[in-house]
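Here is the file input_32.pdb (PDB, C-alpha atoms and all ligand atoms).
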ATOM      1  CA  MET A   1      32.686 -18.315-107.216
ATOM      2  CA  ALA A   2      31.702 -21.832-106.153
ATOM      3  CA  VAL A   3      32.596 -22.821-102.585
ATOM      4  CA  PRO A   4      34.693 -26.058-102.515
ATOM      5  CA  ARG A   5      32.769 -29.101-101.264
ATOM      6  CA  SER A   6      35.342 -29.681 -98.524
ATOM      7  CA  GLU A   7      34.094 -26.476 -96.847
ATOM      8  CA  TYR A   8      30.485 -27.640 -96.438
ATOM      9  CA  LEU A   9      30.226 -31.416 -96.872
ATOM     10  CA  SER A  10      32.161 -34.562 -95.976
ATOM     11  CA  ASN A  11      32.971 -37.183 -98.574
ATOM     12  CA  VAL A  12      30.822 -39.864 -96.974
ATOM     13  CA  TRP A  13      27.519 -38.741 -98.554
ATOM     14  CA  LYS A  14      26.283 -39.951-101.944
ATOM     15  CA  ASP A  15      25.311 -37.441-104.658
ATOM     16  CA  GLY A  16      21.602 -37.515-105.510
ATOM     17  CA  ILE A  17      20.250 -38.646-102.129
ATOM     18  CA  PHE A  18      18.064 -35.526-101.979
ATOM     19  CA  ASP A  19      16.987 -35.441-105.645
ATOM     20  CA  ASN A  20      13.517 -33.854-106.015
ATOM     21  CA  LYS A  21      13.439 -32.715-102.376
ATOM     22  CA  VAL A  22      12.851 -29.119-101.309
ATOM     23  CA  VAL A  23      14.303 -27.472 -98.222
ATOM     24  CA  PHE A  24      12.891 -24.291 -96.638
ATOM     25  CA  CYS A  25      15.338 -22.556 -94.314
ATOM     26  CA  THR A  26      14.942 -19.441 -92.162
ATOM     27  CA  GLY A  27      18.177 -17.624 -91.403
ATOM     28  CA  GLY A  28      19.397 -19.174 -94.634
ATOM     29  CA  ALA A  29      21.786 -16.367 -95.528
ATOM     30  CA  GLY A  30      23.722 -16.845 -92.292
ATOM     31  CA  SER A  31      27.004 -18.712 -92.109
ATOM     32  CA  ILE A  32      25.746 -21.925 -90.486
ATOM     33  CA  CYS A  33      22.391 -22.256 -92.277
ATOM     34  CA  SER A  34      23.841 -21.408 -95.687
ATOM     35  CA  ALA A  35      26.323 -24.287 -95.292
ATOM     36  CA  GLN A  36      23.501 -26.640 -94.286
ATOM     37  CA  VAL A  37      21.466 -25.662 -97.347
ATOM     38  CA  ARG A  38      24.500 -25.752 -99.653
ATOM     39  CA  ALA A  39      25.159 -29.343 -98.561
ATOM     40  CA  LEU A  40      21.549 -30.395 -99.191
ATOM     41  CA  VAL A  41      21.544 -28.660-102.590
ATOM     42  CA  HIS A  42      24.831 -30.343-103.505
ATOM     43  CA  LEU A  43      23.169 -33.703-102.774
ATOM     44  CA  GLY A  44      20.160 -32.964-105.011
ATOM     45  CA  ALA A  45      17.705 -30.697-103.176
ATOM     46  CA  ASN A  46      16.248 -27.412-104.348
ATOM     47  CA  ALA A  47      15.898 -24.724-101.725
ATOM     48  CA  CYS A  48      14.161 -21.644-100.514
ATOM     49  CA  ILE A  49      16.181 -19.515 -98.110
ATOM     50  CA  ILE A  50      14.508 -16.884 -95.982
ATOM     51  CA  GLY A  51      16.028 -13.762 -94.467
ATOM     52  CA  ARG A  52      15.324 -10.251 -93.299
ATOM     53  CA  ASN A  53      17.751  -8.543 -95.665
ATOM     54  CA  VAL A  54      16.647  -8.791 -99.308
ATOM     55  CA  GLU A  55      19.993  -8.185-100.982
ATOM     56  CA  LYS A  56      21.979 -10.490 -98.661
ATOM     57  CA  THR A  57      19.407 -13.295 -98.987
ATOM     58  CA  GLU A  58      19.198 -13.124-102.797
ATOM     59  CA  ARG A  59      22.996 -12.989-103.100
ATOM     60  CA  MET A  60      23.369 -16.076-100.891
ATOM     61  CA  ALA A  61      20.717 -17.960-102.890
ATOM     62  CA  LYS A  62      22.745 -17.368-106.068
ATOM     63  CA  SER A  63      25.901 -18.550-104.357
ATOM     64  CA  ILE A  64      24.260 -21.724-102.997
ATOM     65  CA  ALA A  65      22.859 -22.541-106.449
ATOM     66  CA  THR A  66      26.430 -23.001-107.708
ATOM     67  CA  ALA A  67      26.720 -26.148-105.538
ATOM     68  CA  ARG A  68      25.029 -28.243-108.233
ATOM     69  CA  LYS A  69      24.359 -27.776-111.954
ATOM     70  CA  GLY A  70      20.633 -27.175-112.491
ATOM     71  CA  ALA A  71      19.893 -26.404-108.825
ATOM     72  CA  LYS A  72      16.994 -24.060-108.079
ATOM     73  CA  VAL A  73      17.587 -21.862-105.052
ATOM     74  CA  ILE A  74      15.243 -18.985-104.252
ATOM     75  CA  GLY A  75      16.181 -16.234-101.816
ATOM     76  CA  ILE A  76      13.217 -14.540-100.167
ATOM     77  CA  GLY A  77      14.143 -11.445 -98.174
ATOM     78  CA  ALA A  78      12.047  -9.003 -96.145
ATOM     79  CA  VAL A  79      10.705 -11.864 -94.027
ATOM     80  CA  ASP A  80      10.568 -11.334 -90.270
ATOM     81  CA  VAL A  81       9.985 -14.649 -88.476
ATOM     82  CA  ARG A  82       8.181 -12.680 -85.743
ATOM     83  CA  LYS A  83       5.414 -11.963 -88.265
ATOM     84  CA  ILE A  84       3.795 -15.204 -89.364
ATOM     85  CA  GLU A  85       2.091 -13.642 -92.373
ATOM     86  CA  THR A  86       5.488 -12.846 -93.943
ATOM     87  CA  LEU A  87       6.467 -16.504 -93.494
ATOM     88  CA  GLU A  88       3.175 -17.730 -94.938
ATOM     89  CA  SER A  89       3.746 -15.666 -98.107
ATOM     90  CA  ALA A  90       7.258 -17.128 -98.382
ATOM     91  CA  VAL A  91       5.862 -20.667 -98.036
ATOM     92  CA  ASP A  92       3.284 -19.926-100.771
ATOM     93  CA  ARG A  93       6.016 -18.729-103.109
ATOM     94  CA  CYS A  94       8.236 -21.712-102.320
ATOM     95  CA  VAL A  95       5.403 -24.144-103.042
ATOM     96  CA  LYS A  96       4.452 -22.333-106.264
ATOM     97  CA  GLU A  97       8.021 -22.241-107.587
ATOM     98  CA  LEU A  98       9.493 -25.472-106.212
ATOM     99  CA  GLY A  99       6.440 -27.701-105.803
ATOM    100  CA  GLY A 100       6.299 -28.282-102.024
ATOM    101  CA  ILE A 101       8.467 -28.500 -98.912
ATOM    102  CA  ASP A 102      10.090 -31.700 -97.629
ATOM    103  CA  PHE A 103      12.587 -30.375 -95.103
ATOM    104  CA  VAL A 104      12.563 -27.308 -92.847
ATOM    105  CA  ILE A 105      15.456 -25.721 -90.993
ATOM    106  CA  ALA A 106      14.341 -23.158 -88.397
ATOM    107  CA  GLY A 107      17.597 -21.259 -88.122
ATOM    108  CA  ALA A 108      16.751 -17.575 -87.681
ATOM    109  CA  ALA A 109      18.078 -16.223 -84.379
ATOM    110  CA  GLY A 110      19.012 -12.985 -82.662
ATOM    111  CA  ASN A 111      21.486 -12.558 -79.867
ATOM    112  CA  PHE A 112      23.865 -10.227 -78.039
ATOM    113  CA  LEU A 113      25.834 -10.299 -74.818
ATOM    114  CA  ALA A 114      24.102  -8.516 -71.944
ATOM    115  CA  PRO A 115      23.920  -8.902 -68.165
ATOM    116  CA  ILE A 116      20.461  -9.416 -66.668
ATOM    117  CA  ALA A 117      20.631  -5.963 -65.106
ATOM    118  CA  GLY A 118      21.393  -4.476 -68.525
ATOM    119  CA  LEU A 119      18.518  -6.226 -70.305
ATOM    120  CA  SER A 120      15.368  -4.195 -70.760
ATOM    121  CA  SER A 121      12.118  -6.083 -70.762
ATOM    122  CA  ASN A 122      11.893  -5.327 -74.484
ATOM    123  CA  ALA A 123      15.403  -6.645 -75.151
ATOM    124  CA  PHE A 124      14.558  -9.945 -73.423
ATOM    125  CA  LYS A 125      11.324 -10.139 -75.410
ATOM    126  CA  ALA A 126      13.060  -9.313 -78.717
ATOM    127  CA  VAL A 127      15.245 -12.426 -78.466
ATOM    128  CA  LEU A 128      12.367 -14.657 -77.351
ATOM    129  CA  ASP A 129      10.274 -13.296 -80.210
ATOM    130  CA  ILE A 130      12.927 -14.045 -82.831
ATOM    131  CA  ASP A 131      14.145 -17.404 -81.502
ATOM    132  CA  THR A 132      11.138 -19.038 -79.856
ATOM    133  CA  LEU A 133       8.094 -17.401 -81.435
ATOM    134  CA  GLY A 134       9.968 -17.291 -84.765
ATOM    135  CA  SER A 135      10.608 -21.050 -84.581
ATOM    136  CA  PHE A 136       6.953 -21.664 -83.749
ATOM    137  CA  ASN A 137       5.859 -19.450 -86.663
ATOM    138  CA  THR A 138       8.217 -21.323 -89.007
ATOM    139  CA  LEU A 139       6.794 -24.658 -87.896
ATOM    140  CA  LYS A 140       3.208 -23.438 -88.106
ATOM    141  CA  ALA A 141       3.618 -21.914 -91.578
ATOM    142  CA  THR A 142       5.294 -25.012 -93.032
ATOM    143  CA  LEU A 143       3.331 -27.712 -91.184
ATOM    144  CA  PRO A 144       0.742 -28.340 -93.947
ATOM    145  CA  GLN A 145       3.585 -28.943 -96.423
ATOM    146  CA  LEU A 146       5.492 -31.134 -93.961
ATOM    147  CA  LEU A 147       2.385 -33.282 -93.497
ATOM    148  CA  ILE A 148       1.967 -33.687 -97.265
ATOM    149  CA  SER A 149       5.620 -34.660 -97.629
ATOM    150  CA  ALA A 150       5.492 -37.097 -94.674
ATOM    151  CA  ALA A 151       2.445 -38.816 -96.194
ATOM    152  CA  LYS A 152       4.273 -39.192 -99.533
ATOM    153  CA  ASN A 153       7.427 -40.553 -97.904
ATOM    154  CA  PRO A 154       6.439 -43.112 -95.276
ATOM    155  CA  ASN A 155       8.973 -43.455 -92.485
ATOM    156  CA  THR A 156      10.015 -47.125 -92.438
ATOM    157  CA  ALA A 157      13.288 -48.853 -91.591
ATOM    158  CA  THR A 158      14.112 -49.230 -95.277
ATOM    159  CA  ASN A 159      12.551 -46.283 -97.158
ATOM    160  CA  SER A 160      15.336 -44.107 -98.517
ATOM    161  CA  SER A 161      12.985 -41.391 -99.802
ATOM    162  CA  THR A 162      12.528 -39.118 -96.807
ATOM    163  CA  GLY A 163      10.342 -36.077 -96.127
ATOM    164  CA  GLY A 164       8.336 -34.255 -93.483
ATOM    165  CA  ARG A 165      11.374 -33.389 -91.373
ATOM    166  CA  ILE A 166      12.219 -30.294 -89.364
ATOM    167  CA  ILE A 167      15.444 -29.301 -87.632
ATOM    168  CA  PHE A 168      15.514 -26.437 -85.128
ATOM    169  CA  ILE A 169      18.837 -24.702 -84.510
ATOM    170  CA  SER A 170      19.412 -24.200 -80.812
ATOM    171  CA  ALA A 171      22.248 -23.591 -78.340
ATOM    172  CA  SER A 172      23.564 -25.169 -75.146
ATOM    173  CA  PHE A 173      23.414 -22.082 -72.879
ATOM    174  CA  HIS A 174      20.416 -23.460 -70.996
ATOM    175  CA  PHE A 175      21.951 -26.885 -70.299
ATOM    176  CA  THR A 176      23.973 -25.289 -67.541
ATOM    177  CA  GLY A 177      23.162 -21.556 -67.457
ATOM    178  CA  MET A 178      25.495 -18.938 -68.826
ATOM    179  CA  PRO A 179      26.372 -15.388 -67.842
ATOM    180  CA  LEU A 180      25.255 -12.628 -70.257
ATOM    181  CA  GLN A 181      22.970 -15.074 -72.067
ATOM    182  CA  ALA A 182      19.814 -15.296 -69.904
ATOM    183  CA  HIS A 183      17.626 -14.121 -72.794
ATOM    184  CA  ALA A 184      19.117 -16.580 -75.324
ATOM    185  CA  ALA A 185      19.162 -19.438 -72.812
ATOM    186  CA  VAL A 186      15.459 -19.019 -72.074
ATOM    187  CA  ALA A 187      14.652 -18.625 -75.772
ATOM    188  CA  LYS A 188      16.568 -21.739 -76.804
ATOM    189  CA  ALA A 189      15.136 -23.829 -73.951
ATOM    190  CA  GLY A 190      11.769 -23.004 -75.500
ATOM    191  CA  VAL A 191      13.008 -24.043 -78.937
ATOM    192  CA  ASP A 192      14.129 -27.430 -77.567
ATOM    193  CA  ALA A 193      10.735 -27.898 -75.895
ATOM    194  CA  LEU A 194       8.940 -26.964 -79.119
ATOM    195  CA  SER A 195      10.915 -29.561 -81.053
ATOM    196  CA  ALA A 196      10.235 -32.281 -78.484
ATOM    197  CA  SER A 197       6.520 -31.455 -78.481
ATOM    198  CA  THR A 198       6.423 -31.539 -82.282
ATOM    199  CA  ALA A 199       8.164 -34.923 -82.299
ATOM    200  CA  ILE A 200       5.558 -36.416 -79.977
ATOM    201  CA  GLU A 201       2.509 -34.708 -81.457
ATOM    202  CA  TYR A 202       3.361 -35.233 -85.143
ATOM    203  CA  GLY A 203       5.515 -38.389 -85.064
ATOM    204  CA  PRO A 204       2.349 -40.456 -85.492
ATOM    205  CA  ARG A 205       1.793 -38.598 -88.794
ATOM    206  CA  GLY A 206       5.313 -39.313 -90.020
ATOM    207  CA  ILE A 207       7.032 -36.026 -89.167
ATOM    208  CA  THR A 208      10.388 -36.086 -87.417
ATOM    209  CA  SER A 209      11.525 -33.089 -85.379
ATOM    210  CA  ASN A 210      15.039 -32.700 -84.020
ATOM    211  CA  VAL A 211      17.386 -30.021 -82.743
ATOM    212  CA  ILE A 212      20.940 -29.323 -83.815
ATOM    213  CA  THR A 213      22.977 -27.467 -81.229
ATOM    214  CA  PRO A 214      26.137 -25.984 -82.689
ATOM    215  CA  GLY A 215      28.980 -25.172 -80.328
ATOM    216  CA  PRO A 216      31.630 -22.549 -81.093
ATOM    217  CA  ILE A 217      31.843 -22.603 -84.888
ATOM    218  CA  ALA A 218      34.620 -20.683 -86.638
ATOM    219  CA  GLY A 219      33.752 -17.822 -88.961
ATOM    220  CA  THR A 220      30.145 -17.362 -87.867
ATOM    221  CA  GLU A 221      28.193 -14.254 -86.873
ATOM    222  CA  GLY A 222      27.457 -15.926 -83.543
ATOM    223  CA  MET A 223      31.162 -16.193 -82.748
ATOM    224  CA  ASP A 224      31.729 -12.628 -83.940
ATOM    225  CA  ARG A 225      29.071 -11.432 -81.544
ATOM    226  CA  LEU A 226      29.678 -13.774 -78.621
ATOM    227  CA  GLY A 227      33.217 -15.089 -78.981
ATOM    228  CA  ASN A 228      35.917 -14.044 -76.587
ATOM    229  CA  LYS A 229      38.198 -11.845 -78.684
ATOM    230  CA  GLU A 230      40.738 -11.381 -75.882
ATOM    231  CA  ALA A 231      41.030 -15.145 -75.373
ATOM    232  CA  GLU A 232      41.479 -15.615 -79.124
ATOM    233  CA  ALA A 233      44.201 -12.966 -79.231
ATOM    234  CA  ALA A 234      45.912 -14.577 -76.232
ATOM    235  CA  GLY A 235      45.692 -18.036 -77.868
ATOM    236  CA  SER A 236      43.640 -19.455 -74.991
ATOM    237  CA  ALA A 237      40.261 -19.542 -76.776
ATOM    238  CA  PHE A 238      40.213 -23.317 -77.117
ATOM    239  CA  LYS A 239      41.276 -24.071 -73.555
ATOM    240  CA  GLN A 240      37.893 -25.383 -72.424
ATOM    241  CA  ILE A 241      36.976 -27.191 -75.658
ATOM    242  CA  PRO A 242      37.960 -30.855 -75.200
ATOM    243  CA  LEU A 243      38.851 -31.243 -78.885
ATOM    244  CA  GLY A 244      41.029 -28.139 -78.707
ATOM    245  CA  ARG A 245      39.582 -26.264 -81.679
ATOM    246  CA  TYR A 246      36.496 -24.471 -82.975
ATOM    247  CA  GLY A 247      34.079 -26.438 -85.153
ATOM    248  CA  SER A 248      33.421 -25.752 -88.822
ATOM    249  CA  VAL A 249      30.140 -25.056 -90.584
ATOM    250  CA  LYS A 250      30.742 -28.285 -92.532
ATOM    251  CA  GLU A 251      30.372 -30.255 -89.313
ATOM    252  CA  ILE A 252      26.915 -28.754 -88.745
ATOM    253  CA  ALA A 253      25.973 -29.439 -92.384
ATOM    254  CA  ASP A 254      27.015 -33.095 -92.020
ATOM    255  CA  GLY A 255      24.716 -33.478 -88.990
ATOM    256  CA  THR A 256      21.889 -31.956 -91.009
ATOM    257  CA  VAL A 257      22.400 -34.367 -93.903
ATOM    258  CA  TYR A 258      22.376 -37.255 -91.431
ATOM    259  CA  LEU A 259      19.063 -36.224 -89.878
ATOM    260  CA  PHE A 260      17.314 -35.571 -93.207
ATOM    261  CA  SER A 261      18.698 -38.707 -94.896
ATOM    262  CA  ASP A 262      17.393 -42.233 -94.375
ATOM    263  CA  ALA A 263      20.316 -42.787 -91.975
ATOM    264  CA  GLY A 264      18.247 -40.678 -89.563
ATOM    265  CA  ASN A 265      14.854 -42.330 -90.107
ATOM    266  CA  PHE A 266      14.373 -43.397 -86.485
ATOM    267  CA  VAL A 267      15.774 -40.249 -84.856
ATOM    268  CA  ASN A 268      12.933 -38.124 -83.483
ATOM    269  CA  GLY A 269      12.753 -35.634 -80.614
ATOM    270  CA  GLU A 270      16.523 -35.608 -80.156
ATOM    271  CA  VAL A 271      19.101 -32.881 -79.599
ATOM    272  CA  LEU A 272      22.249 -33.404 -81.638
ATOM    273  CA  VAL A 273      24.985 -31.359 -79.991
ATOM    274  CA  ILE A 274      27.924 -30.691 -82.326
ATOM    275  CA  ASP A 275      30.398 -28.851 -80.128
ATOM    276  CA  GLY A 276      33.544 -30.920 -79.621
ATOM    277  CA  GLY A 277      32.383 -31.715 -76.060
ATOM    278  CA  ASN A 278      32.396 -28.036 -75.158
ATOM    279  CA  TRP A 279      29.257 -27.743 -73.043
ATOM    280  CA  ARG A 280      30.257 -30.681 -70.849
ATOM    281  CA  SER A 281      33.617 -29.123 -70.122
ATOM    282  CA  PRO A 282      34.078 -26.994 -66.959
ATOM    283  CA  GLY A 283      34.038 -23.383 -68.171
ATOM    284  CA  GLY A 284      32.562 -24.361 -71.537
ATOM    285  CA  MET A 285      29.768 -22.320 -73.071
TER     286      MET A 285
HETATM  287  C1  LIG A 301      21.312  -4.851 -74.321
HETATM  288  C2  LIG A 301      20.213  -4.669 -76.349
HETATM  289  C3  LIG A 301      21.413  -4.970 -77.042
HETATM  290  C4  LIG A 301      22.589  -5.200 -76.274
HETATM  291  C5  LIG A 301      19.810  -4.650 -78.494
HETATM  292  N1  LIG A 301      19.265  -4.478 -77.274
HETATM  293  N2  LIG A 301      21.115  -4.949 -78.385
HETATM  294  N3  LIG A 301      20.160  -4.619 -74.999
HETATM  295  N4  LIG A 301      22.493  -5.140 -74.919
HETATM  296  N5  LIG A 301      23.758  -5.496 -76.851
HETATM  297  C6  LIG A 301      17.899  -4.114 -76.985
HETATM  298  C7  LIG A 301      17.471  -2.809 -77.596
HETATM  299  O1  LIG A 301      17.951  -1.717 -76.844
HETATM  300  C8  LIG A 301      15.944  -2.921 -77.539
HETATM  301  O2  LIG A 301      15.448  -2.701 -76.257
HETATM  302  C9  LIG A 301      15.727  -4.405 -77.810
HETATM  303  O3  LIG A 301      16.979  -5.062 -77.561
HETATM  304  C10 LIG A 301      15.346  -4.684 -79.248
HETATM  305  O4  LIG A 301      16.337  -4.092 -80.089
HETATM  306  P1  LIG A 301      16.019  -3.637 -81.570
HETATM  307  O5  LIG A 301      17.292  -3.208 -82.191
HETATM  308  O6  LIG A 301      14.859  -2.722 -81.583
HETATM  309  O7  LIG A 301      15.485  -5.010 -82.180
HETATM  310  P2  LIG A 301      15.695  -5.643 -83.557
HETATM  311  O8  LIG A 301      16.013  -4.655 -84.608
HETATM  312  O9  LIG A 301      14.560  -6.475 -83.801
HETATM  313  O10 LIG A 301      17.014  -6.515 -83.348
HETATM  314  C11 LIG A 301      16.985  -7.745 -82.741
HETATM  315  C12 LIG A 301      18.327  -8.021 -82.036
HETATM  316  C13 LIG A 301      19.488  -7.821 -83.022
HETATM  317  C14 LIG A 301      18.308  -9.441 -81.495
HETATM  318  C15 LIG A 301      18.440  -7.072 -80.897
HETATM  319  O11 LIG A 301      20.713  -8.049 -82.372
HETATM  320  C16 LIG A 301      19.373  -8.673 -84.253
HETATM  321  O12 LIG A 301      18.547  -8.450 -85.119
HETATM  322  N6  LIG A 301      20.187  -9.693 -84.416
HETATM  323  C17 LIG A 301      20.033 -10.602 -85.603
HETATM  324  C18 LIG A 301      21.303 -11.271 -85.975
HETATM  325  C19 LIG A 301      21.946 -12.023 -84.836
HETATM  326  O13 LIG A 301      21.858 -11.672 -83.690
HETATM  327  N7  LIG A 301      22.665 -13.102 -85.160
HETATM  328  C20 LIG A 301      23.424 -13.862 -84.191
HETATM  329  C21 LIG A 301      22.725 -15.044 -83.822
HETATM  330  S1  LIG A 301      23.902 -16.088 -83.005
HETATM  331  P3  LIG A 301      14.804  -1.278 -75.806
HETATM  332  O14 LIG A 301      14.363  -1.480 -74.398
HETATM  333  O15 LIG A 301      15.900  -0.261 -75.938
HETATM  334  O16 LIG A 301      13.648  -1.028 -76.777
HETATM  335  C22 LIG A 301      23.087 -17.026 -81.951
HETATM  336  C23 LIG A 301      23.842 -18.153 -81.264
HETATM  337  C24 LIG A 301      25.297 -18.025 -81.181
HETATM  338  O17 LIG A 301      21.944 -16.861 -81.739
HETATM  339  C25 LIG A 301      25.971 -19.231 -80.523
HETATM  340  C26 LIG A 301      27.459 -19.025 -80.324
HETATM  341  C27 LIG A 301      28.138 -20.111 -79.524
END

Will you turn the file into structure tokens for me?
Ligand code: HXC
Amino acid sequence: MAVPRSEYLSNVWKDGIFDNKVVFCTGGAGSICSAQVRALVHLGANACIIGRNVEKTERMAKSIATARKGAKVIGIGAVDVRKIETLESAVDRCVKELGGIDFVIAGAAGNFLAPIAGLSSNAFKAVLDIDTLGSFNTLKATLPQLLISAAKNPNTATNSSTGGRIIFISASFHFTGMPLQAHAAVAKAGVDALSASTAIEYGPRGITSNVITPGPIAGTEGMDRLGNKEAEAAGSAFKQIPLGRYGSVKEIADGTVYLFSDAGNFVNGEVLVIDGGNWRSPGGM
């Protein structure tokens, strides 16, 4: 069944702004990334979503395709972002079936709550491998396509046809430090640094690279794994969030549309935090 637009996209965006564009998204079967891709597909893009689980990824691709009549959405499972060759095969298939790649979302992540004393060296490495190395592998595997797209869509103040853009999905744990999240904080600090480096190194060739940092977003696997169930049950879960609520996946999708659209032409090397002010709040996460 089709998901109503109000769940993944605001009314401010015009249909067709991403006609003939292709988005490649790792972690695309997850709750946040699937909303981002659904929004882009609704507005005209075709998409390739990448995941580890074949069945889950293919099922989500079919669901996203219902966002627009005639949309092409491919789900490629059995891809582990830690292994660049699996990503390279996915890129090849995406290019063969959809004609290229204009936008990339590096969204695959792994996380769990654990104190430093309870983290084995391998556990720490597992999260760095998925988040940081996986983001690098995603960038590296898609870079030739991003360069082609950037050359076709020159970044000027007035060009509305955009391309050659990457968004990394990060977190705010490392802005302040957070208990039970040393592994994820280190991994995401690396992701932010990778994005900034990409922005500087490839900006001159027309690529933009930015980070979206979601805060506590309702109904996501991240909140299932990391949220404070006791606080939710006690009704005090929103205490430290200045806006007094969790965010929605739609609010992350709207930020994504902004950065990939011509409204975001001059935004490069930035971190767009969408968290209701949470990380700045004492006790926020
Ligand atoms: C301590 C743990 C652990 C835990 C796993 N490990 N879970 N250590 N506490 N809770 C250890 C294991 O014992 C092992 O170390 C090492 O981590 C690797 O575990 P494997 O299971 O072998 O690895 P793998 O199958 O690759 O799994 C990776 C994973 C897993 C990260 C551990 O959780 C995963 O695949 N997650 C993917 C989905 C996910 O996490 N999504 C949420 C993303 S949310 P040893 O020493 O025993 O070998 C997010 C941001 C949320 O990132 C933001 C919210 C505000």

Requested in this report: Could you expand the PyMOL selection byres (((chain A and resi 108-124) around 10) and not hetatm) into the explicit residues it covers here, written as a ChimeraX atom specification?
Outcome: /A:25-30,33,50-52,80-81,105-107,125-132,134-135,138,168-170,179-184,186-188,221-222,225-227

Requested in this report: Show me as a ChimeraX atom specification the residues that reach within 12 Å of (8.1, -30.1, -92.3), counting all atoms listed in the file and using the file's own coordinates.
Outcome: /A:21-25,91,100-106,138-151,153,162-168,195,198-199,202-203,205-210,260

Report task. Report as a PyMOL selection string the full result of the PyMOL selection byres (((chain A and resi 59) around 12) and not hetatm) when it is applied to this structure. Result -> chain A and resi 1+28-30+34+49-51+53-58+60-66+73-77

Keeping only C-alpha atoms, write the selected residues to a file as a compact mmCIF listing (two decimals), in the coordinates of the input.
# COMPACT_ATOMS: atom_id res chain seq x y z
CA MET A 1 32.69 -18.32 -107.22
CA GLY A 28 19.40 -19.17 -94.63
CA ALA A 29 21.79 -16.37 -95.53
CA GLY A 30 23.72 -16.84 -92.29
CA SER A 34 23.84 -21.41 -95.69
CA ILE A 49 16.18 -19.52 -98.11
CA ILE A 50 14.51 -16.88 -95.98
CA GLY A 51 16.03 -13.76 -94.47
CA ASN A 53 17.75 -8.54 -95.66
CA VAL A 54 16.65 -8.79 -99.31
CA GLU A 55 19.99 -8.18 -100.98
CA LYS A 56 21.98 -10.49 -98.66
CA THR A 57 19.41 -13.30 -98.99
CA GLU A 58 19.20 -13.12 -102.80
CA MET A 60 23.37 -16.08 -100.89
CA ALA A 61 20.72 -17.96 -102.89
CA LYS A 62 22.74 -17.37 -106.07
CA SER A 63 25.90 -18.55 -104.36
CA ILE A 64 24.26 -21.72 -103.00
CA ALA A 65 22.86 -22.54 -106.45
CA THR A 66 26.43 -23.00 -107.71
CA VAL A 73 17.59 -21.86 -105.05
CA ILE A 74 15.24 -18.98 -104.25
CA GLY A 75 16.18 -16.23 -101.82
CA ILE A 76 13.22 -14.54 -100.17
CA GLY A 77 14.14 -11.44 -98.17

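Rounded to one decimal, CA of Gly276 (chain A) and CA of Leu243 (chain A) lie 5.4 Å from each other.
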
Requested in this report: May I ask which of the residues A:Glu7, A:Asp224, A:Glu251, A:Glu201 is the closest one to ligand LIG 301 (chain A), counting only C-alpha atoms and all ligand atoms?
Outcome: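 Of A:Glu7, A:Asp224, A:Glu251, A:Glu201, the one nearest ligand LIG 301 (chain A) is A:Asp224, counting only C-alpha atoms and all ligand atoms.
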
Query raised in the report: Which protein, DNA or RNA residues are at most 9 Å from (36.8, -21.5, -81.6) in the file's coordinates when you count only C-alpha atoms, listed as an NGL selection string?
Result: :A and (215-219 or 223 or 227 or 232 or 237-238 or 241 or 244-247)

Query raised in the report: What do you get, as a ChimeraX atom specification, if you spell out every residue that the PyMOL selection byres (((chain A and resi 266) around 9) and not hetatm) selects here?
Result: /A:155-157,208,262-265,267-268

Write out the residues from the selection above, keeping C-alpha atoms, as an mmCIF file, in the coordinates of the input.
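This went into selection_21.cif:
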data_model
loop_
_atom_site.group_PDB
_atom_site.id
_atom_site.type_symbol
_atom_site.label_atom_id
_atom_site.label_comp_id
_atom_site.auth_asym_id
_atom_site.auth_seq_id
_atom_site.Cartn_x
_atom_site.Cartn_y
_atom_site.Cartn_z
ATOM 1 C CA ASN A 155 8.973 -43.455 -92.485
ATOM 2 C CA THR A 156 10.015 -47.125 -92.438
ATOM 3 C CA ALA A 157 13.288 -48.853 -91.591
ATOM 4 C CA THR A 208 10.388 -36.086 -87.417
ATOM 5 C CA ASP A 262 17.393 -42.233 -94.375
ATOM 6 C CA ALA A 263 20.316 -42.787 -91.975
ATOM 7 C CA GLY A 264 18.247 -40.678 -89.563
ATOM 8 C CA ASN A 265 14.854 -42.330 -90.107
ATOM 9 C CA VAL A 267 15.774 -40.249 -84.856
ATOM 10 C CA ASN A 268 12.933 -38.124 -83.483
#

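Closest approach to ligand LIG 301 (chain A) among A:Lys239, A:Arg38, A:Arg5, A:Lys83: A:Lys83, based on all atoms listed in the file.
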
Requested in this report: Figure out the distance between CA of Leu87 (chain A) and CA of Ile17 (chain A), please, to one decimal in Å.
Outcome: 27.5 Å

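Of the listed residues A:Glu88, A:Gly235, A:Ile274, A:Pro214, the one whose atoms come nearest to ligand LIG 301 (chain A) is A:Pro214, with distances taken using only C-alpha atoms and all ligand atoms.
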
Query - For CA of Pro282 (chain A) and atom O17 of ligand LIG 301 (chain A), the interatomic separation in Å (one decimal) - result: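 So the answer is 21.6 Å.
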
Query raised in the report: In terms of the shortest atom-to-atom distance over only C-alpha atoms and all ligand atoms, which of A:Ser161, A:Ser172, A:Ser10, A:Gln240 is closest to ligand LIG 301 (chain A)?
Result: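 Looking only at the distances to ligand LIG 301 (chain A), the closest residue turns out to be A:Ser172.
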
Query - Residue with smallest distance to ligand LIG 301 (chain A) - pool A:Gly283, A:Asn278, A:Asp19, A:Leu259, counting all atoms listed in the file - result: A:Asn278

Once 5 Å is added on each side, what centre and edge lengths in Å to one decimal does the axis-aligned box around all listed atoms of region 188-194 of chain A have, as AutoDock Vina command-line options?
--center_x 12.8 --center_y -24.8 --center_z -76.5 --size_x 17.6 --size_y 16.2 --size_z 15.2

Query - Nearest residue to Val41 (chain A) from the set A:Asn228, A:Ala71, A:Ser236, A:Lys14 (distances using all atoms listed in the file) - result: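 Using all atoms listed in the file, the shortest distance to Val41 (chain A) belongs to A:Ala71.
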